[in-house]
Amino acid sequence: MKASAYRKRIEADLENWISEGWVPETSRTPILTSLPAQTRGDGRGWIAMAATVLAGLAVIAFIGDNWAAIPRGAKLIILILAVFASGTGSAFAYENSKKVSNALALLCSMIFAGSIALLGQAYNLPGEPTGALLFATIAAGLIGLAGRSAAAAFAALVFGAIYQFMAFGSDMVPWLSTGFWALHFVIACVALTAWLVRSRVLVHALLVIGIGLSLIHFVELSSVVFFQTPDFANSVFSRYNEREFSGLLFTLFTALWGGLTLLGAYGDRNDRHGARTLLGYASWACLAGIALLGIPMSADADFLHRFIWLGASFVALWYGAREHYGWMAGAGILSLITAISTIFVDLGMTLSVAALIFGLTAIVSLVIVYVLKRQSAATAEGDTSNA
Amino acid sequence: MPKFPRPLVALPVVLVLLTGFLVLGVASHISALKSGSEITVAARGYDPRDVLLGHYVRIQPELETVLSEEQSDRIRANFGFGTRRFNTVNAWVTLERRSGSWSVIDVTAEKPATANTNDRVSFNTLTRITASQVDDEPLTYTVRPQFDMNRFYANQSDALDIERAIRNNSEVRLIISITKKGDALLKGVSVDDHRYEISWW
């Protein structure tokens with residue numbers, strides 16, 4: 001919970017507790033004083049950050065306008081000076097203004113990425129554009145880590161994602177590509193940066209990337225199991241509809257993200273940073289994996305799969321609602337709606353089978369509700385007798 | 001919590017490493033251009049240009065040699081083309097300078113044992129080898145090395161000068177450096193003996 005939201009909640013609760021007589025009026029001020037101060041800020045940091053980026057753009061635009069007239073060697077010197085100016089500026093600003101330092105580190109990684117392309121042109125360097133992009137990705141990851149800059153680290157993830165999409169065009173076997181493994185080094189740098197600067201944005205970005213990356217790994221692993229060689233392109237475009245192949249792929253995917261959902265729940269109980277976010281993303285990925293376990297989706301509709309899918313959706317909805325995990329409950333609702341819709345359009349399933357699935361799920365759900373109600377009543381009774 | 005170096009220490013170290021690596025890349029390229037054996041190959045320009053990629057001339061080497069019957073027999077035996085007419089192979093191409101211009105004298109799967117000289121160089125590249133009509137006797141091959149170069153970046157004024165020269169049918173040639181490893185690198189463009197060459201400055 002954010003500090004400001006926590007403070008508001010305590011203020012409202014205190015009002016009630018004092019009016020009920022549970023807390024003396026004299027305790028109000030010491031309790032509120034003990035809370036973290038409500039820092040609203042005046043937005044100076046954001047203005048400074050925007051101004052820094054604008055200053056950088058002004059320099060870039062001016063140099064760009066005269067670029068054609070500048071000799072190659074001078075271009076090299078200008079670009080290296082620009083990288084050093086922004087980078088050391090970021091390092092010096094770190095202790096006094098984290099926002100300015102963050103913006104300068106981002107500018108440094110952008111200038112470095114631009115330098116690779118501009119020097120490549122100026123000296124007609126051989127090589128593929130993907131190689132330049134991978135170098136820019138590694139550089140941004142290292143600048144982000146060394147400068148403790150969430151913005152530069154985020155840029156590394158964006159560069160990395162673009163690199164991977166471009167690399168798919170020329171090299172469709174990620175496990176045999178050095179660049180693909182180099183991306184893991186960059187992701188490790190970004191994860192370390194996220195931990196050092198406690199960045200929520202980076203945690204979100206890492207989880208999104210993690211879902212995509214796990215899918216690529218499991219496609220390759222399934223290819224090795226079934227076809228004795230990693231073969232991403234063929235697997236994705238030709239074999240995705242083969243039940244055994246997609247079954248293994250999405251079982252692994254569901255198991256990983258199901259496990260991470262449990263880890264997130266455990267971490268949140270122990271107040272671990274980022275655990276709640278992990279739980280949200282992992283529950284969505286896990287439910288998506290369970291849904292995709294049913295491939296192929298029509299004709300061959302699998303009774304057991306649909307039943308498990310509905311059950312998992314109910315569990316996510318119940319647990320998310322009980323523990324106030326909005327994202328998990330949302331995933332449960334969406335999964336439930338999708339499962340019901342899929343069951344209705346399953347060509348191989350008659351309405352009677354659909355009715356049987358819905359009926360069974362409803363009965364199991366009602367039994368769970370009854371058991372939970374009994375448990376809750378027993379707990380309340382125990383509390384009253386103890387009092 | 002483990003200690004990590006502060007940005008004031010870590011960032012300059014990373015910047016030195018990154019820019020050092022960048023400069024090293026440029027330096028090794030310039031060194032390869034300077035130390036390699038130089039050949040010049042006729043070139044032709046083509047459109048369209050990509051306006052997003054700055055100033056450059058789209059230009060392709062035009063090196064095509066019809067081999068003798070004896071050379072063609074050797075190539076067919078080496079690569080096992082059989083009756084296939086169009087073939088593209090990764091091969092070592094040997095060029096020889098005869099009365100000022102370079103032409104292909106051999107194509108082999110392995111690197112030739114002889115070192116490059118002023119009048120004979122070998123390099124590794126994708127090569128298109130096309131047989132004459134199947135019913136032609138004797139069967140000969142036309143060899144066209146696919147140099148991995150199709151554009152020359154230059155300052156705006158130089159790029160425009162070169163483009164104008166191409167349109168006016170001036171003698172435009174690509175200056176290519178063949179390194180000891182056997183890579184063909186674009187070193188510059190020559191227009192009516194005026195050289196636009198890549199150098200440090």
# chains A, B, ... in the order shown; residues from 1 in each chain; ligands from 1
$ closest_atom_pairs --of "chain A" --to "chain B" --cutoff "7 Å" --atoms "only C-alpha atoms" --output "Markdown table"
| residue | atom | partner | partner_atom | distance |
| --- | --- | --- | --- | --- |
| A:Ala68 | CA | B:Asn155 | CA | 5.0 |
| A:Ala69 | CA | B:Asn155 | CA | 6.9 |
| A:Pro71 | CA | B:Trp201 | CA | 5.9 |
| A:Arg72 | CA | B:Trp201 | CA | 5.0 |
| A:Gly73 | CA | B:Trp201 | CA | 4.3 |
| A:Ile80 | CA | B:Thr19 | CA | 6.7 |
| A:Phe84 | CA | B:Leu15 | CA | 6.8 |
| A:Gly87 | CA | B:Leu11 | CA | 6.7 |
| A:Thr88 | CA | B:Pro12 | CA | 6.3 |
| A:Ala91 | CA | B:Leu8 | CA | 4.7 |
| A:Phe92 | CA | B:Leu8 | CA | 6.2 |
| A:Gln121 | CA | B:Tyr153 | CA | 5.8 |
| A:Ala122 | CA | B:Tyr153 | CA | 6.5 |
| A:Tyr123 | CA | B:Ile198 | CA | 6.3 |
| A:Asn124 | CA | B:Tyr153 | CA | 6.3 |
| A:Leu125 | CA | B:His29 | CA | 7.0 |
| A:Ala139 | CA | B:Leu18 | CA | 6.8 |
| A:Leu142 | CA | B:Val14 | CA | 6.9 |
| A:Ile143 | CA | B:Leu11 | CA | 6.5 |
| A:Ala146 | CA | B:Leu11 | CA | 4.9 |
| A:Gly147 | CA | B:Pro7 | CA | 4.6 |
| A:Arg148 | CA | B:Pro7 | CA | 6.8 |
$ write_last_selection --atoms "C-alpha atoms" --output "short mmCIF file (atom, residue, chain, number, x, y, z; two decimals), in the first residue's frame"
data_model
loop_
_atom_site.label_atom_id
_atom_site.label_comp_id
_atom_site.auth_asym_id
_atom_site.auth_seq_id
_atom_site.Cartn_x
_atom_site.Cartn_y
_atom_site.Cartn_z
CA ALA A 68 26.97 16.34 -42.94
CA ALA A 69 29.67 19.02 -42.74
CA PRO A 71 34.50 15.24 -40.60
CA ARG A 72 34.40 11.59 -39.48
CA GLY A 73 37.03 11.96 -36.75
CA ILE A 80 32.23 10.04 -27.22
CA PHE A 84 30.88 10.88 -21.23
CA GLY A 87 27.16 9.62 -18.10
CA THR A 88 29.45 11.45 -15.68
CA ALA A 91 27.03 9.92 -11.75
CA PHE A 92 27.64 13.32 -10.12
CA GLN A 121 27.47 4.88 -41.12
CA ALA A 122 30.40 7.29 -40.92
CA TYR A 123 32.98 4.49 -41.20
CA ASN A 124 30.85 2.13 -43.30
CA LEU A 125 31.30 -0.57 -40.66
CA ALA A 139 25.23 -0.91 -23.11
CA LEU A 142 25.20 -1.81 -18.00
CA ILE A 143 24.62 1.97 -17.81
CA ALA A 146 26.20 1.17 -12.96
CA GLY A 147 24.18 4.41 -12.71
CA ARG A 148 21.32 2.78 -10.71
#
$ residues_around --residues "Ala91 of chain B" --least-positions-apart "2" --cutoff "9 Å" --atoms "only C-alpha atoms" --output "PDB file with N, CA and C atoms, in the first residue's frame"
ATOM      1  N   VAL B  89      26.824 -20.515 -53.851  1.00  0.00           N
ATOM      2  CA  VAL B  89      27.634 -21.239 -52.856  1.00  0.00           C
ATOM      3  C   VAL B  89      28.495 -20.251 -52.072  1.00  0.00           C
ATOM      4  N   VAL B  93      36.862 -17.037 -53.760  1.00  0.00           N
ATOM      5  CA  VAL B  93      36.993 -16.575 -55.137  1.00  0.00           C
ATOM      6  C   VAL B  93      38.397 -15.988 -55.316  1.00  0.00           C
ATOM      7  N   VAL B 107      37.277 -20.570 -58.442  1.00  0.00           N
ATOM      8  CA  VAL B 107      36.357 -20.601 -57.298  1.00  0.00           C
ATOM      9  C   VAL B 107      36.579 -21.938 -56.609  1.00  0.00           C
ATOM     10  N   THR B 108      36.903 -21.895 -55.315  1.00  0.00           N
ATOM     11  CA  THR B 108      37.177 -23.146 -54.592  1.00  0.00           C
ATOM     12  C   THR B 108      36.394 -23.178 -53.283  1.00  0.00           C
ATOM     13  N   ALA B 109      36.197 -24.399 -52.777  1.00  0.00           N
ATOM     14  CA  ALA B 109      35.482 -24.535 -51.505  1.00  0.00           C
ATOM     15  C   ALA B 109      36.415 -24.218 -50.339  1.00  0.00           C
ATOM     16  N   GLU B 110      37.701 -24.510 -50.504  1.00  0.00           N
ATOM     17  CA  GLU B 110      38.687 -24.271 -49.437  1.00  0.00           C
ATOM     18  C   GLU B 110      39.515 -23.029 -49.756  1.00  0.00           C
ATOM     19  N   LYS B 111      40.121 -22.446 -48.692  1.00  0.00           N
ATOM     20  CA  LYS B 111      40.964 -21.267 -48.893  1.00  0.00           C
ATOM     21  C   LYS B 111      42.217 -21.672 -49.692  1.00  0.00           C
ATOM     22  N   PHE B 123      39.298 -14.195 -51.695  1.00  0.00           N
ATOM     23  CA  PHE B 123      38.427 -13.787 -50.591  1.00  0.00           C
ATOM     24  C   PHE B 123      37.226 -14.718 -50.521  1.00  0.00           C
ATOM     25  N   ASN B 124      36.591 -14.688 -49.356  1.00  0.00           N
ATOM     26  CA  ASN B 124      35.469 -15.583 -49.088  1.00  0.00           C
ATOM     27  C   ASN B 124      34.158 -14.812 -49.210  1.00  0.00           C
ATOM     28  N   THR B 125      33.235 -15.355 -50.013  1.00  0.00           N
ATOM     29  CA  THR B 125      31.957 -14.661 -50.201  1.00  0.00           C
ATOM     30  C   THR B 125      30.919 -15.618 -50.783  1.00  0.00           C
ATOM     31  N   LEU B 126      29.644 -15.197 -50.679  1.00  0.00           N
ATOM     32  CA  LEU B 126      28.608 -15.946 -51.392  1.00  0.00           C
ATOM     33  C   LEU B 126      28.785 -15.676 -52.887  1.00  0.00           C
ATOM     34  N   THR B 127      28.700 -16.694 -53.683  1.00  0.00           N
ATOM     35  CA  THR B 127      28.982 -16.536 -55.112  1.00  0.00           C
ATOM     36  C   THR B 127      27.887 -17.186 -55.945  1.00  0.00           C
ATOM     37  N   PRO B 145      30.618 -12.915 -57.885  1.00  0.00           N
ATOM     38  CA  PRO B 145      30.732 -12.863 -56.413  1.00  0.00           C
ATOM     39  C   PRO B 145      29.723 -11.865 -55.845  1.00  0.00           C
TER      40      PRO B 145
END
$ residues_around --residues "Thr130 of chain A" --least-positions-apart "2" --cutoff "9 Å" --atoms "only C-alpha atoms" --output "short mmCIF file (atom, residue, chain, number, x, y, z; two decimals) with N, CA and C atoms, in the first residue's frame"
data_model
loop_
_atom_site.label_atom_id
_atom_site.label_comp_id
_atom_site.auth_asym_id
_atom_site.auth_seq_id
_atom_site.Cartn_x
_atom_site.Cartn_y
_atom_site.Cartn_z
N GLY A 127 28.42 -5.42 -40.97
CA GLY A 127 27.62 -6.06 -39.91
C GLY A 127 26.15 -5.79 -40.07
N GLU A 128 25.35 -6.57 -39.33
CA GLU A 128 23.90 -6.47 -39.42
C GLU A 128 23.37 -5.43 -38.42
N ALA A 132 24.13 -4.20 -33.99
CA ALA A 132 24.22 -2.86 -33.40
C ALA A 132 23.18 -2.71 -32.29
N LEU A 133 21.99 -3.25 -32.53
CA LEU A 133 20.90 -3.14 -31.55
C LEU A 133 21.24 -3.95 -30.29
N LEU A 134 21.86 -5.11 -30.47
CA LEU A 134 22.23 -5.93 -29.32
C LEU A 134 23.29 -5.21 -28.48
N PHE A 135 24.25 -4.58 -29.15
CA PHE A 135 25.28 -3.81 -28.45
C PHE A 135 24.63 -2.67 -27.66
N TYR A 163 15.24 -6.00 -30.48
CA TYR A 163 16.28 -6.90 -31.03
C TYR A 163 15.70 -8.29 -31.26
N GLN A 164 14.98 -8.81 -30.25
CA GLN A 164 14.49 -10.19 -30.37
C GLN A 164 13.49 -10.31 -31.52
N MET A 166 13.43 -8.43 -34.23
CA MET A 166 14.20 -8.35 -35.49
C MET A 166 14.96 -9.64 -35.73
N ALA A 167 15.51 -10.22 -34.66
CA ALA A 167 16.30 -11.44 -34.80
C ALA A 167 15.42 -12.61 -35.25
#
$ select_by_dssp --residues "segment 46-272 of chain A" --states "alpha helix (DSSP H)" --output "JSON, numbers by chain"
{"A": [46, 47, 48, 49, 50, 51, 52, 53, 54, 55, 56, 57, 58, 59, 60, 61, 62, 63, 64, 65, 72, 73, 74, 75, 76, 77, 78, 79, 80, 81, 82, 83, 84, 85, 86, 87, 88, 89, 90, 91, 92, 93, 98, 99, 100, 101, 102, 103, 104, 105, 106, 107, 108, 109, 110, 111, 112, 113, 114, 115, 116, 117, 118, 119, 120, 121, 122, 129, 130, 131, 132, 133, 134, 135, 136, 137, 138, 139, 140, 141, 142, 143, 144, 145, 146, 150, 151, 152, 153, 154, 155, 156, 157, 158, 159, 160, 161, 162, 163, 164, 165, 166, 167, 168, 169, 170, 178, 179, 180, 181, 182, 183, 184, 185, 186, 187, 188, 189, 190, 191, 192, 193, 194, 195, 196, 197, 200, 201, 202, 203, 204, 205, 206, 207, 208, 209, 210, 211, 212, 213, 214, 215, 216, 217, 218, 219, 220, 221, 222, 223, 224, 225, 226, 227, 232, 233, 234, 235, 236, 237, 243, 244, 245, 246, 247, 248, 249, 250, 251, 252, 253, 254, 255, 256, 257, 258, 259, 260, 261, 262, 263, 264, 265, 266, 267, 268, 269]}
$ residues_around --residues "Asn168 of chain B" --least-positions-apart "6" --cutoff "12 Å" --atoms "only C-alpha atoms" --output "PyMOL selection string"
chain B and resi 44-45+161-162+191-192
$ write_last_selection --atoms "N, CA and C atoms" --output "mmCIF file, in the first residue's frame"
data_model
loop_
_atom_site.group_PDB
_atom_site.id
_atom_site.type_symbol
_atom_site.label_atom_id
_atom_site.label_comp_id
_atom_site.auth_asym_id
_atom_site.auth_seq_id
_atom_site.Cartn_x
_atom_site.Cartn_y
_atom_site.Cartn_z
ATOM 1 N N ARG B 44 27.669 -0.059 -60.332
ATOM 2 C CA ARG B 44 26.515 0.637 -60.901
ATOM 3 C C ARG B 44 25.604 1.052 -59.754
ATOM 4 N N GLY B 45 24.918 2.160 -59.926
ATOM 5 C CA GLY B 45 24.013 2.654 -58.891
ATOM 6 C C GLY B 45 22.624 2.125 -59.121
ATOM 7 N N ASP B 161 27.550 14.154 -55.293
ATOM 8 C CA ASP B 161 28.528 14.136 -56.396
ATOM 9 C C ASP B 161 28.609 12.750 -57.028
ATOM 10 N N ILE B 162 28.666 11.747 -56.173
ATOM 11 C CA ILE B 162 28.786 10.369 -56.686
ATOM 12 C C ILE B 162 27.527 9.989 -57.464
ATOM 13 N N VAL B 191 35.600 7.912 -58.508
ATOM 14 C CA VAL B 191 34.830 8.462 -59.629
ATOM 15 C C VAL B 191 35.816 9.175 -60.551
ATOM 16 N N ASP B 192 35.981 8.673 -61.756
ATOM 17 C CA ASP B 192 36.944 9.241 -62.703
ATOM 18 C C ASP B 192 38.290 9.487 -62.017
#
$ decode --residues "segment 137-226 of chain A" --atoms "C-alpha atoms" --output "PDB file, in the first residue's frame"
ATOM      1  CA  THR A 137      20.883  -3.249 -25.412  1.00  0.00           C
ATOM      2  CA  ILE A 138      23.920  -4.483 -23.467  1.00  0.00           C
ATOM      3  CA  ALA A 139      25.227  -0.907 -23.107  1.00  0.00           C
ATOM      4  CA  ALA A 140      21.888   0.409 -21.767  1.00  0.00           C
ATOM      5  CA  GLY A 141      21.688  -2.528 -19.328  1.00  0.00           C
ATOM      6  CA  LEU A 142      25.200  -1.809 -18.001  1.00  0.00           C
ATOM      7  CA  ILE A 143      24.616   1.972 -17.813  1.00  0.00           C
ATOM      8  CA  GLY A 144      21.337   1.320 -15.947  1.00  0.00           C
ATOM      9  CA  LEU A 145      23.069  -0.956 -13.432  1.00  0.00           C
ATOM     10  CA  ALA A 146      26.200   1.171 -12.956  1.00  0.00           C
ATOM     11  CA  GLY A 147      24.181   4.406 -12.705  1.00  0.00           C
ATOM     12  CA  ARG A 148      21.317   2.780 -10.714  1.00  0.00           C
ATOM     13  CA  SER A 149      18.948   4.191 -13.298  1.00  0.00           C
ATOM     14  CA  ALA A 150      15.550   2.592 -13.768  1.00  0.00           C
ATOM     15  CA  ALA A 151      15.007   4.627 -16.961  1.00  0.00           C
ATOM     16  CA  ALA A 152      18.206   3.375 -18.666  1.00  0.00           C
ATOM     17  CA  ALA A 153      17.441  -0.174 -17.529  1.00  0.00           C
ATOM     18  CA  PHE A 154      13.932   0.139 -18.973  1.00  0.00           C
ATOM     19  CA  ALA A 155      15.463   1.364 -22.264  1.00  0.00           C
ATOM     20  CA  ALA A 156      17.618  -1.802 -22.248  1.00  0.00           C
ATOM     21  CA  LEU A 157      14.461  -3.931 -22.054  1.00  0.00           C
ATOM     22  CA  VAL A 158      12.835  -1.989 -24.924  1.00  0.00           C
ATOM     23  CA  PHE A 159      15.988  -2.327 -27.078  1.00  0.00           C
ATOM     24  CA  GLY A 160      16.184  -6.012 -26.171  1.00  0.00           C
ATOM     25  CA  ALA A 161      12.564  -6.656 -27.153  1.00  0.00           C
ATOM     26  CA  ILE A 162      13.076  -4.896 -30.512  1.00  0.00           C
ATOM     27  CA  TYR A 163      16.278  -6.897 -31.029  1.00  0.00           C
ATOM     28  CA  GLN A 164      14.492 -10.191 -30.372  1.00  0.00           C
ATOM     29  CA  PHE A 165      11.665  -9.338 -32.789  1.00  0.00           C
ATOM     30  CA  MET A 166      14.196  -8.347 -35.488  1.00  0.00           C
ATOM     31  CA  ALA A 167      16.300 -11.444 -34.802  1.00  0.00           C
ATOM     32  CA  PHE A 168      13.226 -13.651 -35.313  1.00  0.00           C
ATOM     33  CA  GLY A 169      13.307 -12.558 -38.950  1.00  0.00           C
ATOM     34  CA  SER A 170      16.828 -13.848 -39.573  1.00  0.00           C
ATOM     35  CA  ASP A 171      17.483 -16.419 -36.904  1.00  0.00           C
ATOM     36  CA  MET A 172      14.502 -18.473 -35.835  1.00  0.00           C
ATOM     37  CA  VAL A 173      16.304 -20.794 -33.411  1.00  0.00           C
ATOM     38  CA  PRO A 174      16.783 -18.713 -30.245  1.00  0.00           C
ATOM     39  CA  TRP A 175      18.568 -21.483 -28.316  1.00  0.00           C
ATOM     40  CA  LEU A 176      21.327 -21.549 -30.948  1.00  0.00           C
ATOM     41  CA  SER A 177      21.668 -17.757 -31.050  1.00  0.00           C
ATOM     42  CA  THR A 178      24.375 -16.039 -28.983  1.00  0.00           C
ATOM     43  CA  GLY A 179      22.310 -12.854 -28.991  1.00  0.00           C
ATOM     44  CA  PHE A 180      19.383 -14.607 -27.309  1.00  0.00           C
ATOM     45  CA  TRP A 181      21.619 -15.729 -24.433  1.00  0.00           C
ATOM     46  CA  ALA A 182      23.235 -12.274 -24.253  1.00  0.00           C
ATOM     47  CA  LEU A 183      19.730 -10.902 -23.595  1.00  0.00           C
ATOM     48  CA  HIS A 184      19.606 -13.009 -20.417  1.00  0.00           C
ATOM     49  CA  PHE A 185      22.715 -11.204 -19.163  1.00  0.00           C
ATOM     50  CA  VAL A 186      20.976  -7.872 -19.831  1.00  0.00           C
ATOM     51  CA  ILE A 187      17.823  -9.077 -18.055  1.00  0.00           C
ATOM     52  CA  ALA A 188      19.953 -10.101 -15.044  1.00  0.00           C
ATOM     53  CA  CYS A 189      21.474  -6.579 -15.009  1.00  0.00           C
ATOM     54  CA  VAL A 190      17.987  -5.032 -15.151  1.00  0.00           C
ATOM     55  CA  ALA A 191      16.715  -7.338 -12.375  1.00  0.00           C
ATOM     56  CA  LEU A 192      19.654  -6.304 -10.181  1.00  0.00           C
ATOM     57  CA  THR A 193      18.913  -2.633 -10.960  1.00  0.00           C
ATOM     58  CA  ALA A 194      15.222  -3.143 -10.083  1.00  0.00           C
ATOM     59  CA  TRP A 195      16.276  -4.617  -6.752  1.00  0.00           C
ATOM     60  CA  LEU A 196      18.818  -1.863  -6.029  1.00  0.00           C
ATOM     61  CA  VAL A 197      16.489   1.050  -6.805  1.00  0.00           C
ATOM     62  CA  ARG A 198      13.245  -0.689  -5.715  1.00  0.00           C
ATOM     63  CA  SER A 199      11.624   0.140  -9.045  1.00  0.00           C
ATOM     64  CA  ARG A 200       8.012  -1.014  -9.501  1.00  0.00           C
ATOM     65  CA  VAL A 201       8.075  -0.129 -13.212  1.00  0.00           C
ATOM     66  CA  LEU A 202      11.058  -2.417 -13.793  1.00  0.00           C
ATOM     67  CA  VAL A 203       9.386  -5.248 -11.870  1.00  0.00           C
ATOM     68  CA  HIS A 204       6.314  -4.929 -14.138  1.00  0.00           C
ATOM     69  CA  ALA A 205       8.479  -4.814 -17.282  1.00  0.00           C
ATOM     70  CA  LEU A 206      10.603  -7.769 -16.151  1.00  0.00           C
ATOM     71  CA  LEU A 207       7.507  -9.871 -15.498  1.00  0.00           C
ATOM     72  CA  VAL A 208       6.055  -9.100 -18.942  1.00  0.00           C
ATOM     73  CA  ILE A 209       9.409  -9.974 -20.545  1.00  0.00           C
ATOM     74  CA  GLY A 210       9.632 -13.053 -18.332  1.00  0.00           C
ATOM     75  CA  ILE A 211       6.309 -14.399 -19.612  1.00  0.00           C
ATOM     76  CA  GLY A 212       7.463 -14.032 -23.243  1.00  0.00           C
ATOM     77  CA  LEU A 213      10.900 -15.444 -22.517  1.00  0.00           C
ATOM     78  CA  SER A 214       9.538 -18.485 -20.663  1.00  0.00           C
ATOM     79  CA  LEU A 215       7.287 -19.218 -23.635  1.00  0.00           C
ATOM     80  CA  ILE A 216      10.290 -19.124 -26.024  1.00  0.00           C
ATOM     81  CA  HIS A 217      12.270 -21.453 -23.733  1.00  0.00           C
ATOM     82  CA  PHE A 218       9.416 -23.939 -23.407  1.00  0.00           C
ATOM     83  CA  VAL A 219       8.825 -23.965 -27.194  1.00  0.00           C
ATOM     84  CA  GLU A 220      12.501 -24.812 -27.682  1.00  0.00           C
ATOM     85  CA  LEU A 221      12.459 -27.414 -24.894  1.00  0.00           C
ATOM     86  CA  SER A 222       9.334 -29.075 -26.322  1.00  0.00           C
ATOM     87  CA  SER A 223      10.991 -29.081 -29.766  1.00  0.00           C
ATOM     88  CA  VAL A 224      14.022 -30.858 -28.321  1.00  0.00           C
ATOM     89  CA  VAL A 225      11.810 -33.453 -26.563  1.00  0.00           C
ATOM     90  CA  PHE A 226       9.658 -34.225 -29.613  1.00  0.00           C
TER      91      PHE A 226
END
